[in-house]
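Next up, my_file.pdb (PDB, C-alpha atoms):
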```
ATOM      1  CA  MET A 197      11.518 -42.890  16.464  1.00  0.00           C
ATOM      2  CA  ARG A 198      11.644 -40.325  19.235  1.00  0.00           C
ATOM      3  CA  GLN A 199      12.044 -36.740  18.112  1.00  0.00           C
ATOM      4  CA  ARG A 200      14.487 -34.567  20.012  1.00  0.00           C
ATOM      5  CA  SER A 201      12.962 -31.494  21.574  1.00  0.00           C
ATOM      6  CA  ILE A 202      13.880 -28.082  20.272  1.00  0.00           C
ATOM      7  CA  PRO A 203      16.507 -26.472  22.540  1.00  0.00           C
ATOM      8  CA  GLY A 204      14.838 -23.874  24.710  1.00  0.00           C
ATOM      9  CA  ALA A 205      11.294 -25.030  23.973  1.00  0.00           C
ATOM     10  CA  ARG A 206      10.811 -25.840  27.658  1.00  0.00           C
ATOM     11  CA  GLY A 207      12.854 -22.881  28.848  1.00  0.00           C
ATOM     12  CA  ARG A 208      11.801 -19.460  29.985  1.00  0.00           C
ATOM     13  CA  VAL A 209      13.286 -16.209  28.781  1.00  0.00           C
ATOM     14  CA  ARG A 210      15.236 -14.547  31.569  1.00  0.00           C
ATOM     15  CA  PRO A 211      16.448 -10.945  31.844  1.00  0.00           C
ATOM     16  CA  LEU A 212      19.937 -10.317  30.487  1.00  0.00           C
ATOM     17  CA  SER A 213      22.748  -9.000  32.682  1.00  0.00           C
ATOM     18  CA  LEU A 214      24.169  -5.877  31.068  1.00  0.00           C
ATOM     19  CA  LEU A 215      27.689  -4.451  31.032  1.00  0.00           C
ATOM     20  CA  GLY A 216      28.511  -3.143  34.493  1.00  0.00           C
ATOM     21  CA  ASP A 217      26.648  -5.905  36.331  1.00  0.00           C
ATOM     22  CA  PRO A 218      29.182  -7.462  38.753  1.00  0.00           C
ATOM     23  CA  VAL A 219      28.153 -11.024  37.742  1.00  0.00           C
ATOM     24  CA  LEU A 220      29.742 -10.407  34.315  1.00  0.00           C
ATOM     25  CA  HIS A 221      33.110  -9.510  35.832  1.00  0.00           C
ATOM     26  CA  ALA A 222      33.697 -12.424  38.212  1.00  0.00           C
ATOM     27  CA  PRO A 223      34.803 -15.967  37.381  1.00  0.00           C
ATOM     28  CA  CYS A 224      31.940 -18.463  37.441  1.00  0.00           C
ATOM     29  CA  ALA A 225      31.799 -21.532  39.677  1.00  0.00           C
ATOM     30  CA  GLU A 226      32.203 -25.095  38.427  1.00  0.00           C
ATOM     31  CA  VAL A 227      28.968 -27.059  38.141  1.00  0.00           C
ATOM     32  CA  THR A 228      28.832 -30.032  40.509  1.00  0.00           C
ATOM     33  CA  ASP A 229      25.152 -31.036  40.287  1.00  0.00           C
ATOM     34  CA  PHE A 230      24.159 -32.509  36.926  1.00  0.00           C
ATOM     35  CA  GLY A 231      20.472 -32.773  37.810  1.00  0.00           C
ATOM     36  CA  PRO A 232      17.175 -31.248  36.712  1.00  0.00           C
ATOM     37  CA  GLU A 233      18.146 -27.708  37.765  1.00  0.00           C
ATOM     38  CA  LEU A 234      21.062 -27.779  35.317  1.00  0.00           C
ATOM     39  CA  ALA A 235      18.794 -29.085  32.545  1.00  0.00           C
ATOM     40  CA  GLN A 236      16.375 -26.215  33.243  1.00  0.00           C
ATOM     41  CA  LEU A 237      19.242 -23.697  33.197  1.00  0.00           C
ATOM     42  CA  VAL A 238      20.351 -24.971  29.769  1.00  0.00           C
ATOM     43  CA  ALA A 239      16.749 -24.733  28.474  1.00  0.00           C
ATOM     44  CA  ASP A 240      16.446 -21.199  29.861  1.00  0.00           C
ATOM     45  CA  LEU A 241      19.762 -20.206  28.264  1.00  0.00           C
ATOM     46  CA  PHE A 242      18.572 -21.427  24.856  1.00  0.00           C
ATOM     47  CA  ALA A 243      15.183 -19.697  25.229  1.00  0.00           C
ATOM     48  CA  THR A 244      16.837 -16.426  26.247  1.00  0.00           C
ATOM     49  CA  MET A 245      19.477 -16.617  23.497  1.00  0.00           C
ATOM     50  CA  TYR A 246      16.834 -17.216  20.822  1.00  0.00           C
ATOM     51  CA  ALA A 247      14.572 -14.448  22.154  1.00  0.00           C
ATOM     52  CA  ALA A 248      17.518 -12.013  22.024  1.00  0.00           C
ATOM     53  CA  GLU A 249      18.581 -13.301  18.574  1.00  0.00           C
ATOM     54  CA  GLY A 250      22.066 -14.249  19.700  1.00  0.00           C
ATOM     55  CA  VAL A 251      24.416 -17.065  18.673  1.00  0.00           C
ATOM     56  CA  GLY A 252      25.763 -17.880  22.151  1.00  0.00           C
ATOM     57  CA  LEU A 253      24.925 -17.194  25.777  1.00  0.00           C
ATOM     58  CA  ALA A 254      26.778 -17.837  29.032  1.00  0.00           C
ATOM     59  CA  ALA A 255      24.989 -18.486  32.331  1.00  0.00           C
ATOM     60  CA  ASN A 256      26.320 -15.332  33.988  1.00  0.00           C
ATOM     61  CA  GLN A 257      24.614 -13.310  31.258  1.00  0.00           C
ATOM     62  CA  ILE A 258      21.315 -14.278  32.901  1.00  0.00           C
ATOM     63  CA  GLY A 259      22.687 -13.732  36.395  1.00  0.00           C
ATOM     64  CA  VAL A 260      23.723 -17.325  37.169  1.00  0.00           C
ATOM     65  CA  PRO A 261      27.438 -17.542  38.085  1.00  0.00           C
ATOM     66  CA  SER A 262      27.893 -21.126  36.830  1.00  0.00           C
ATOM     67  CA  ARG A 263      30.248 -22.448  34.154  1.00  0.00           C
ATOM     68  CA  VAL A 264      27.685 -23.214  31.424  1.00  0.00           C
ATOM     69  CA  PHE A 265      27.113 -21.818  27.948  1.00  0.00           C
ATOM     70  CA  VAL A 266      24.911 -22.598  24.949  1.00  0.00           C
ATOM     71  CA  TYR A 267      25.402 -21.887  21.261  1.00  0.00           C
ATOM     72  CA  ASP A 268      23.612 -22.009  17.926  1.00  0.00           C
ATOM     73  CA  CYS A 269      26.239 -20.513  15.685  1.00  0.00           C
ATOM     74  CA  PRO A 270      27.394 -20.862  12.081  1.00  0.00           C
ATOM     75  CA  ASP A 271      31.003 -21.144  11.067  1.00  0.00           C
ATOM     76  CA  ASP A 272      32.453 -19.317   8.063  1.00  0.00           C
ATOM     77  CA  GLU A 273      31.113 -22.021   5.708  1.00  0.00           C
ATOM     78  CA  GLU A 274      27.564 -21.522   7.105  1.00  0.00           C
ATOM     79  CA  VAL A 275      27.628 -24.906   8.862  1.00  0.00           C
ATOM     80  CA  ARG A 276      25.345 -24.696  11.920  1.00  0.00           C
ATOM     81  CA  HIS A 277      26.784 -25.679  15.308  1.00  0.00           C
ATOM     82  CA  LEU A 278      24.252 -26.273  18.084  1.00  0.00           C
ATOM     83  CA  GLY A 279      24.911 -27.351  21.646  1.00  0.00           C
ATOM     84  CA  HIS A 280      25.931 -26.545  25.172  1.00  0.00           C
ATOM     85  CA  VAL A 281      29.001 -27.059  27.341  1.00  0.00           C
ATOM     86  CA  VAL A 282      29.153 -27.419  31.119  1.00  0.00           C
ATOM     87  CA  ASN A 283      32.455 -26.635  32.885  1.00  0.00           C
ATOM     88  CA  PRO A 284      34.148 -25.697  29.604  1.00  0.00           C
ATOM     89  CA  ARG A 285      37.886 -25.333  29.242  1.00  0.00           C
ATOM     90  CA  LEU A 286      39.329 -23.566  26.226  1.00  0.00           C
ATOM     91  CA  VAL A 287      42.120 -26.038  25.462  1.00  0.00           C
ATOM     92  CA  THR A 288      43.174 -24.620  22.097  1.00  0.00           C
ATOM     93  CA  ALA A 289      42.973 -21.168  20.561  1.00  0.00           C
ATOM     94  CA  ASP A 290      45.347 -20.967  17.641  1.00  0.00           C
ATOM     95  CA  GLY A 291      45.725 -20.450  13.934  1.00  0.00           C
ATOM     96  CA  ILE A 292      45.487 -16.971  12.504  1.00  0.00           C
ATOM     97  CA  GLU A 293      44.571 -14.131  14.831  1.00  0.00           C
ATOM     98  CA  LEU A 294      41.929 -12.013  13.133  1.00  0.00           C
ATOM     99  CA  ARG A 295      40.258  -8.775  14.122  1.00  0.00           C
ATOM    100  CA  GLY A 296      36.571  -8.967  13.365  1.00  0.00           C
ATOM    101  CA  PRO A 297      33.327  -7.389  14.474  1.00  0.00           C
ATOM    102  CA  GLU A 298      32.137  -8.790  17.765  1.00  0.00           C
ATOM    103  CA  GLY A 299      28.959  -8.056  19.644  1.00  0.00           C
ATOM    104  CA  CYS A 300      27.397  -9.316  22.841  1.00  0.00           C
ATOM    105  CA  LEU A 301      23.889  -9.651  24.218  1.00  0.00           C
ATOM    106  CA  SER A 302      25.161  -7.922  27.380  1.00  0.00           C
ATOM    107  CA  LEU A 303      26.118  -4.854  25.298  1.00  0.00           C
ATOM    108  CA  PRO A 304      23.008  -4.724  23.083  1.00  0.00           C
ATOM    109  CA  GLY A 305      23.347  -2.957  19.761  1.00  0.00           C
ATOM    110  CA  LEU A 306      27.103  -2.432  19.990  1.00  0.00           C
ATOM    111  CA  GLU A 307      30.079  -4.115  18.388  1.00  0.00           C
ATOM    112  CA  ALA A 308      33.789  -3.535  17.998  1.00  0.00           C
ATOM    113  CA  GLY A 309      36.717  -5.052  16.143  1.00  0.00           C
ATOM    114  CA  THR A 310      38.091  -7.704  18.486  1.00  0.00           C
ATOM    115  CA  GLU A 311      41.065  -9.996  17.924  1.00  0.00           C
ATOM    116  CA  ARG A 312      40.382 -13.731  18.139  1.00  0.00           C
ATOM    117  CA  TYR A 313      42.015 -16.864  16.775  1.00  0.00           C
ATOM    118  CA  ASP A 314      40.319 -18.620  13.870  1.00  0.00           C
ATOM    119  CA  HIS A 315      40.497 -22.059  15.516  1.00  0.00           C
ATOM    120  CA  ALA A 316      39.348 -23.112  18.984  1.00  0.00           C
ATOM    121  CA  VAL A 317      38.750 -26.324  20.901  1.00  0.00           C
ATOM    122  CA  VAL A 318      36.652 -26.469  24.061  1.00  0.00           C
ATOM    123  CA  GLU A 319      36.375 -29.492  26.348  1.00  0.00           C
ATOM    124  CA  GLY A 320      33.726 -29.974  28.993  1.00  0.00           C
ATOM    125  CA  PHE A 321      30.583 -31.942  29.694  1.00  0.00           C
ATOM    126  CA  THR A 322      26.987 -32.169  28.588  1.00  0.00           C
ATOM    127  CA  MET A 323      24.216 -31.492  31.086  1.00  0.00           C
ATOM    128  CA  ASP A 324      24.070 -35.290  31.528  1.00  0.00           C
ATOM    129  CA  GLY A 325      27.718 -35.369  32.634  1.00  0.00           C
ATOM    130  CA  GLU A 326      29.048 -36.888  29.403  1.00  0.00           C
ATOM    131  CA  PRO A 327      32.434 -35.580  28.186  1.00  0.00           C
ATOM    132  CA  VAL A 328      32.243 -33.376  25.104  1.00  0.00           C
ATOM    133  CA  THR A 329      34.834 -31.770  22.845  1.00  0.00           C
ATOM    134  CA  VAL A 330      33.771 -28.937  20.542  1.00  0.00           C
ATOM    135  CA  HIS A 331      35.947 -27.833  17.617  1.00  0.00           C
ATOM    136  CA  GLY A 332      35.338 -24.461  15.996  1.00  0.00           C
ATOM    137  CA  THR A 333      36.740 -22.534  13.085  1.00  0.00           C
ATOM    138  CA  GLY A 334      36.108 -19.021  11.847  1.00  0.00           C
ATOM    139  CA  PHE A 335      33.078 -17.280  13.346  1.00  0.00           C
ATOM    140  CA  PHE A 336      32.234 -20.321  15.479  1.00  0.00           C
ATOM    141  CA  ALA A 337      35.771 -20.286  16.957  1.00  0.00           C
ATOM    142  CA  ARG A 338      35.166 -16.618  17.845  1.00  0.00           C
ATOM    143  CA  CYS A 339      31.907 -17.627  19.564  1.00  0.00           C
ATOM    144  CA  LEU A 340      33.595 -20.362  21.623  1.00  0.00           C
ATOM    145  CA  GLN A 341      36.350 -18.009  22.798  1.00  0.00           C
ATOM    146  CA  HIS A 342      33.784 -15.281  23.576  1.00  0.00           C
ATOM    147  CA  GLU A 343      31.616 -17.585  25.716  1.00  0.00           C
ATOM    148  CA  CYS A 344      34.603 -19.053  27.590  1.00  0.00           C
ATOM    149  CA  ASP A 345      35.740 -15.490  28.310  1.00  0.00           C
ATOM    150  CA  HIS A 346      32.331 -14.738  29.854  1.00  0.00           C
ATOM    151  CA  LEU A 347      32.698 -17.607  32.297  1.00  0.00           C
ATOM    152  CA  ASP A 348      36.110 -16.268  33.337  1.00  0.00           C
ATOM    153  CA  GLY A 349      34.608 -12.824  34.049  1.00  0.00           C
ATOM    154  CA  THR A 350      35.723 -11.140  30.823  1.00  0.00           C
ATOM    155  CA  VAL A 351      33.536  -9.374  28.245  1.00  0.00           C
ATOM    156  CA  TYR A 352      34.759  -8.629  24.736  1.00  0.00           C
ATOM    157  CA  ALA A 353      34.963  -4.916  25.591  1.00  0.00           C
ATOM    158  CA  ASP A 354      37.840  -5.835  27.950  1.00  0.00           C
ATOM    159  CA  ARG A 355      39.825  -7.085  24.934  1.00  0.00           C
ATOM    160  CA  VAL A 356      39.300  -4.026  22.743  1.00  0.00           C
ATOM    161  CA  THR A 357      42.183  -1.534  22.718  1.00  0.00           C
ATOM    162  CA  GLY A 358      43.211   1.846  21.336  1.00  0.00           C
ATOM    163  CA  TRP A 359      40.792   3.988  19.373  1.00  0.00           C
ATOM    164  CA  ARG A 360      38.333   1.097  19.109  1.00  0.00           C
ATOM    165  CA  LYS A 361      38.161   0.956  22.914  1.00  0.00           C
ATOM    166  CA  ARG A 362      37.640   4.718  23.185  1.00  0.00           C
ATOM    167  CA  ARG A 363      34.864   4.587  20.577  1.00  0.00           C
ATOM    168  CA  LEU A 364      33.175   1.619  22.273  1.00  0.00           C
ATOM    169  CA  ASP A 365      33.371   3.355  25.678  1.00  0.00           C
ATOM    170  CA  ARG A 366      31.650   6.436  24.172  1.00  0.00           C
ATOM    171  CA  GLN A 367      28.949   4.239  22.631  1.00  0.00           C
ATOM    172  CA  VAL A 368      28.361   2.475  25.962  1.00  0.00           C
ATOM    173  CA  LYS A 369      27.930   5.825  27.749  1.00  0.00           C
ATOM    174  CA  ARG A 370      25.342   6.905  25.133  1.00  0.00           C
ATOM    175  CA  ALA A 371      23.444   3.597  25.111  1.00  0.00           C
ATOM    176  CA  ASP A 372      19.978   3.836  26.641  1.00  0.00           C
ATOM    177  CA  TRP A 373      20.529   0.552  28.547  1.00  0.00           C
ATOM    178  CA  SER A 374      23.609   1.860  30.394  1.00  0.00           C
ATOM    179  CA  ARG A 375      21.853   4.710  32.176  1.00  0.00           C
TER
END
```
Output the structure of this file as structure tokens.
Amino acid sequence: MRQRSIPGARGRVRPLSLLGDPVLHAPCAEVTDFGPELAQLVADLFATMYAAEGVGLAANQIGVPSRVFVYDCPDDEEVRHLGHVVNPRLVTADGIELRGPEGCLSLPGLEAGTERYDHAVVEGFTMDGEPVTVHGTGFFARCLQHECDHLDGTVYADRVTGWRKRRLDRQVKRADWSR
């Protein structure tokens, strides 16, 4: 029996793009080449996500403006969800809209109450070009919506409003990585 390799084991950790980097604020391009470069990108995304102790990572967060993200994220029942999606489309975001703490590897050390739906469905492809549909509830649904936002050029800070937005903006200005 062949053992599957650990995601990211063959990847290299890449520098993270931080809030303010233009690559985070532009829509990413569709992937058209499902070859070895894409497989390496997915491995690098996993390696970088694990090194940064995140639960999801989009390609533009490592400076690559392509529609790809990876995840290793629990749902609210502590069920682990592990995978990647190429050319994802958020086809469903519904259920109850909840405000919950949300962070991002591109805004290290910060989080803010962000509204997200508690159910999400994403359709796309694997790095081998096979169709994939990912269903998420709870925290995992938040992760799916967050990563799809990244690929559309949106960071969670763009969704925060009111006093939460003002507080987050102050925290960003004080963060040592934003100087």
Item to check | Explicit residue set for the PyMOL selection byres ((chain A and resi 349) around 9), as a ChimeraX atom specification | outcome: /A:218-224,256,344-348,350-351
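With the shown file loaded, the PyMOL selection byres ((chain A and resi 226-230) around 9) picks out Cys224, Ala225, Gly231, Pro232, Glu233, Leu234, Ala235, Pro261, Ser262, Arg263, Val264, Val282, Asn283, Thr322, Met323, Asp324 and Gly325 of chain A.
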Next on the checklist: Given the PyMOL selection byres ((chain A and resi 208) around 8) and the file above, list the residues it selects as a PyMOL selection string.
Outcome noted: chain A and resi 204+206-207+209-210+239-240+243-244
Next on the checklist: Can you pull out the residues contacting Arg370 of chain A? Cut-off 12 Å, using only C-alpha atoms, and skip same-chain residues under 6 positions away; I want them as a count of residues only.
Outcome noted: 5
Item to check | Spatial neighbours of segment 313-319 of chain A, max dist 7 Å, all atoms listed in the file, sep filter under 4 positions, as an MDAnalysis selection string | outcome: chainID A and resid 284:294 328:334 337:338 340
Item to check | Residue contacts of Cys269 of chain A (10 Å, all atoms listed in the file) excluding same-chain residues fewer than 4 positions away, as number ranges by chain | outcome: A: 250-252, 274-279, 332, 335-340
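Closest approach to Glu307 of chain A among A:Tyr352, A:Phe321, A:Tyr246, A:Phe265: A:Tyr352, based on all atoms listed in the file.
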Which segment 237-332 of chain A residues have any atom within 9 Å of an atom of segment 355-362 of chain A, and for each, what is the nearest pair of atoms with distance in Å to one decimal, counting all atoms listed in the file, rows sorted by chain and number, as CSV?
```
residue,atom,partner,partner_atom,distance
A:Ala308,CA,A:Arg360,CA,6.6
A:Gly309,CA,A:Arg360,CA,7.0
A:Thr310,CA,A:Val356,CA,5.8
A:Glu311,CA,A:Arg355,CA,7.7
```
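Once Val266 of chain A and its same-chain neighbours fewer than 5 positions away are set aside, A:Leu241, A:Phe242, A:Gly252, A:Leu253, A:Ala254, A:Gly279, A:His280, A:Val281 remain within 7 Å of it when counting only C-alpha atoms.
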Residues of the last selection are to be written out with C-alpha atoms, as an mmCIF file, in the frame of the given file.
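Generated output (part_26.cif):
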```
data_model
loop_
_atom_site.group_PDB
_atom_site.id
_atom_site.type_symbol
_atom_site.label_atom_id
_atom_site.label_comp_id
_atom_site.auth_asym_id
_atom_site.auth_seq_id
_atom_site.Cartn_x
_atom_site.Cartn_y
_atom_site.Cartn_z
ATOM 1 C CA LEU A 241 19.762 -20.206 28.264
ATOM 2 C CA PHE A 242 18.572 -21.427 24.856
ATOM 3 C CA GLY A 252 25.763 -17.880 22.151
ATOM 4 C CA LEU A 253 24.925 -17.194 25.777
ATOM 5 C CA ALA A 254 26.778 -17.837 29.032
ATOM 6 C CA GLY A 279 24.911 -27.351 21.646
ATOM 7 C CA HIS A 280 25.931 -26.545 25.172
ATOM 8 C CA VAL A 281 29.001 -27.059 27.341
#
```
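Our summary of the geometry notes that atom CA of Leu237 of chain A is positioned 26.1 Å from atom CA of Ser374 of chain A.
In terms of minimum interatomic distance to Ala255 of chain A, A:Ser213 ranks closest within A:Asp271, A:Cys300, A:Ser213, A:Arg312, counting only C-alpha atoms.
Shortest separation to Glu249 of chain A among A:Ala371, A:Leu214, A:Leu301, A:Ala353 occurs at residue A:Leu301, atoms counted being only C-alpha atoms.
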Next on the checklist: One decimal, in Å: what's the spacing between atom CA of Gly299 of chain A and atom CA of Gly320 of chain A?
Outcome noted: 24.3 Å
Reconstruct segment 202-224 of chain A at the level of N, CA, C and O atoms, and format the result as a PDB file, in the coordinates of the input.
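That gives us result36.pdb:
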```
ATOM      1  N   ILE A 202      13.182 -29.275  20.729  1.00  0.00           N
ATOM      2  CA  ILE A 202      13.880 -28.082  20.272  1.00  0.00           C
ATOM      3  C   ILE A 202      14.543 -27.430  21.485  1.00  0.00           C
ATOM      4  O   ILE A 202      13.886 -27.213  22.506  1.00  0.00           O
ATOM      5  N   PRO A 203      15.847 -27.110  21.395  1.00  0.00           N
ATOM      6  CA  PRO A 203      16.507 -26.472  22.540  1.00  0.00           C
ATOM      7  C   PRO A 203      15.768 -25.197  22.934  1.00  0.00           C
ATOM      8  O   PRO A 203      15.423 -24.381  22.092  1.00  0.00           O
ATOM      9  N   GLY A 204      15.494 -25.068  24.205  1.00  0.00           N
ATOM     10  CA  GLY A 204      14.838 -23.874  24.710  1.00  0.00           C
ATOM     11  C   GLY A 204      13.328 -23.927  24.696  1.00  0.00           C
ATOM     12  O   GLY A 204      12.665 -23.055  25.252  1.00  0.00           O
ATOM     13  N   ALA A 205      12.751 -24.949  24.067  1.00  0.00           N
ATOM     14  CA  ALA A 205      11.294 -25.030  23.973  1.00  0.00           C
ATOM     15  C   ALA A 205      10.651 -25.116  25.351  1.00  0.00           C
ATOM     16  O   ALA A 205       9.543 -24.629  25.556  1.00  0.00           O
ATOM     17  N   ARG A 206      11.332 -25.728  26.295  1.00  0.00           N
ATOM     18  CA  ARG A 206      10.811 -25.840  27.658  1.00  0.00           C
ATOM     19  C   ARG A 206      11.437 -24.810  28.603  1.00  0.00           C
ATOM     20  O   ARG A 206      11.255 -24.875  29.804  1.00  0.00           O
ATOM     21  N   GLY A 207      12.197 -23.889  28.027  1.00  0.00           N
ATOM     22  CA  GLY A 207      12.854 -22.881  28.848  1.00  0.00           C
ATOM     23  C   GLY A 207      12.037 -21.604  28.930  1.00  0.00           C
ATOM     24  O   GLY A 207      11.099 -21.392  28.179  1.00  0.00           O
ATOM     25  N   ARG A 208      12.447 -20.771  29.878  1.00  0.00           N
ATOM     26  CA  ARG A 208      11.801 -19.460  29.985  1.00  0.00           C
ATOM     27  C   ARG A 208      12.845 -18.391  29.703  1.00  0.00           C
ATOM     28  O   ARG A 208      14.035 -18.557  30.015  1.00  0.00           O
ATOM     29  N   VAL A 209      12.394 -17.324  29.106  1.00  0.00           N
ATOM     30  CA  VAL A 209      13.286 -16.209  28.781  1.00  0.00           C
ATOM     31  C   VAL A 209      13.556 -15.435  30.067  1.00  0.00           C
ATOM     32  O   VAL A 209      12.630 -15.037  30.772  1.00  0.00           O
ATOM     33  N   ARG A 210      14.831 -15.267  30.361  1.00  0.00           N
ATOM     34  CA  ARG A 210      15.236 -14.547  31.569  1.00  0.00           C
ATOM     35  C   ARG A 210      15.842 -13.199  31.191  1.00  0.00           C
ATOM     36  O   ARG A 210      16.354 -13.025  30.086  1.00  0.00           O
ATOM     37  N   PRO A 211      15.829 -12.253  32.114  1.00  0.00           N
ATOM     38  CA  PRO A 211      16.448 -10.945  31.844  1.00  0.00           C
ATOM     39  C   PRO A 211      17.959 -11.093  31.652  1.00  0.00           C
ATOM     40  O   PRO A 211      18.596 -11.899  32.326  1.00  0.00           O
ATOM     41  N   LEU A 212      18.498 -10.298  30.744  1.00  0.00           N
ATOM     42  CA  LEU A 212      19.937 -10.317  30.487  1.00  0.00           C
ATOM     43  C   LEU A 212      20.670  -9.398  31.451  1.00  0.00           C
ATOM     44  O   LEU A 212      20.196  -8.303  31.776  1.00  0.00           O
ATOM     45  N   SER A 213      21.838  -9.847  31.905  1.00  0.00           N
ATOM     46  CA  SER A 213      22.748  -9.000  32.682  1.00  0.00           C
ATOM     47  C   SER A 213      23.484  -8.114  31.685  1.00  0.00           C
ATOM     48  O   SER A 213      23.972  -8.592  30.668  1.00  0.00           O
ATOM     49  N   LEU A 214      23.540  -6.823  31.979  1.00  0.00           N
ATOM     50  CA  LEU A 214      24.169  -5.877  31.068  1.00  0.00           C
ATOM     51  C   LEU A 214      25.524  -5.430  31.587  1.00  0.00           C
ATOM     52  O   LEU A 214      25.807  -5.528  32.790  1.00  0.00           O
ATOM     53  N   LEU A 215      26.349  -4.921  30.680  1.00  0.00           N
ATOM     54  CA  LEU A 215      27.689  -4.451  31.032  1.00  0.00           C
ATOM     55  C   LEU A 215      27.628  -3.590  32.283  1.00  0.00           C
ATOM     56  O   LEU A 215      26.776  -2.714  32.389  1.00  0.00           O
ATOM     57  N   GLY A 216      28.499  -3.853  33.228  1.00  0.00           N
ATOM     58  CA  GLY A 216      28.511  -3.143  34.493  1.00  0.00           C
ATOM     59  C   GLY A 216      27.962  -3.986  35.631  1.00  0.00           C
ATOM     60  O   GLY A 216      28.270  -3.734  36.790  1.00  0.00           O
ATOM     61  N   ASP A 217      27.168  -5.001  35.303  1.00  0.00           N
ATOM     62  CA  ASP A 217      26.648  -5.905  36.331  1.00  0.00           C
ATOM     63  C   ASP A 217      27.823  -6.723  36.864  1.00  0.00           C
ATOM     64  O   ASP A 217      28.562  -7.337  36.091  1.00  0.00           O
ATOM     65  N   PRO A 218      28.027  -6.743  38.185  1.00  0.00           N
ATOM     66  CA  PRO A 218      29.182  -7.462  38.753  1.00  0.00           C
ATOM     67  C   PRO A 218      29.259  -8.940  38.365  1.00  0.00           C
ATOM     68  O   PRO A 218      30.351  -9.489  38.275  1.00  0.00           O
ATOM     69  N   VAL A 219      28.116  -9.602  38.088  1.00  0.00           N
ATOM     70  CA  VAL A 219      28.153 -11.024  37.742  1.00  0.00           C
ATOM     71  C   VAL A 219      28.926 -11.274  36.440  1.00  0.00           C
ATOM     72  O   VAL A 219      29.461 -12.356  36.240  1.00  0.00           O
ATOM     73  N   LEU A 220      29.016 -10.254  35.579  1.00  0.00           N
ATOM     74  CA  LEU A 220      29.742 -10.407  34.315  1.00  0.00           C
ATOM     75  C   LEU A 220      31.253 -10.280  34.486  1.00  0.00           C
ATOM     76  O   LEU A 220      32.005 -10.620  33.576  1.00  0.00           O
ATOM     77  N   HIS A 221      31.684  -9.804  35.640  1.00  0.00           N
ATOM     78  CA  HIS A 221      33.110  -9.510  35.832  1.00  0.00           C
ATOM     79  C   HIS A 221      33.760 -10.374  36.906  1.00  0.00           C
ATOM     80  O   HIS A 221      34.828 -10.031  37.412  1.00  0.00           O
ATOM     81  N   ALA A 222      33.131 -11.496  37.224  1.00  0.00           N
ATOM     82  CA  ALA A 222      33.697 -12.424  38.212  1.00  0.00           C
ATOM     83  C   ALA A 222      33.725 -13.821  37.605  1.00  0.00           C
ATOM     84  O   ALA A 222      32.809 -14.196  36.874  1.00  0.00           O
ATOM     85  N   PRO A 223      34.762 -14.589  37.886  1.00  0.00           N
ATOM     86  CA  PRO A 223      34.803 -15.967  37.381  1.00  0.00           C
ATOM     87  C   PRO A 223      33.619 -16.780  37.919  1.00  0.00           C
ATOM     88  O   PRO A 223      33.219 -16.625  39.071  1.00  0.00           O
ATOM     89  N   CYS A 224      33.091 -17.632  37.068  1.00  0.00           N
ATOM     90  CA  CYS A 224      31.940 -18.463  37.441  1.00  0.00           C
ATOM     91  C   CYS A 224      32.396 -19.752  38.120  1.00  0.00           C
ATOM     92  O   CYS A 224      33.509 -20.225  37.895  1.00  0.00           O
TER      93      CYS A 224
END
```
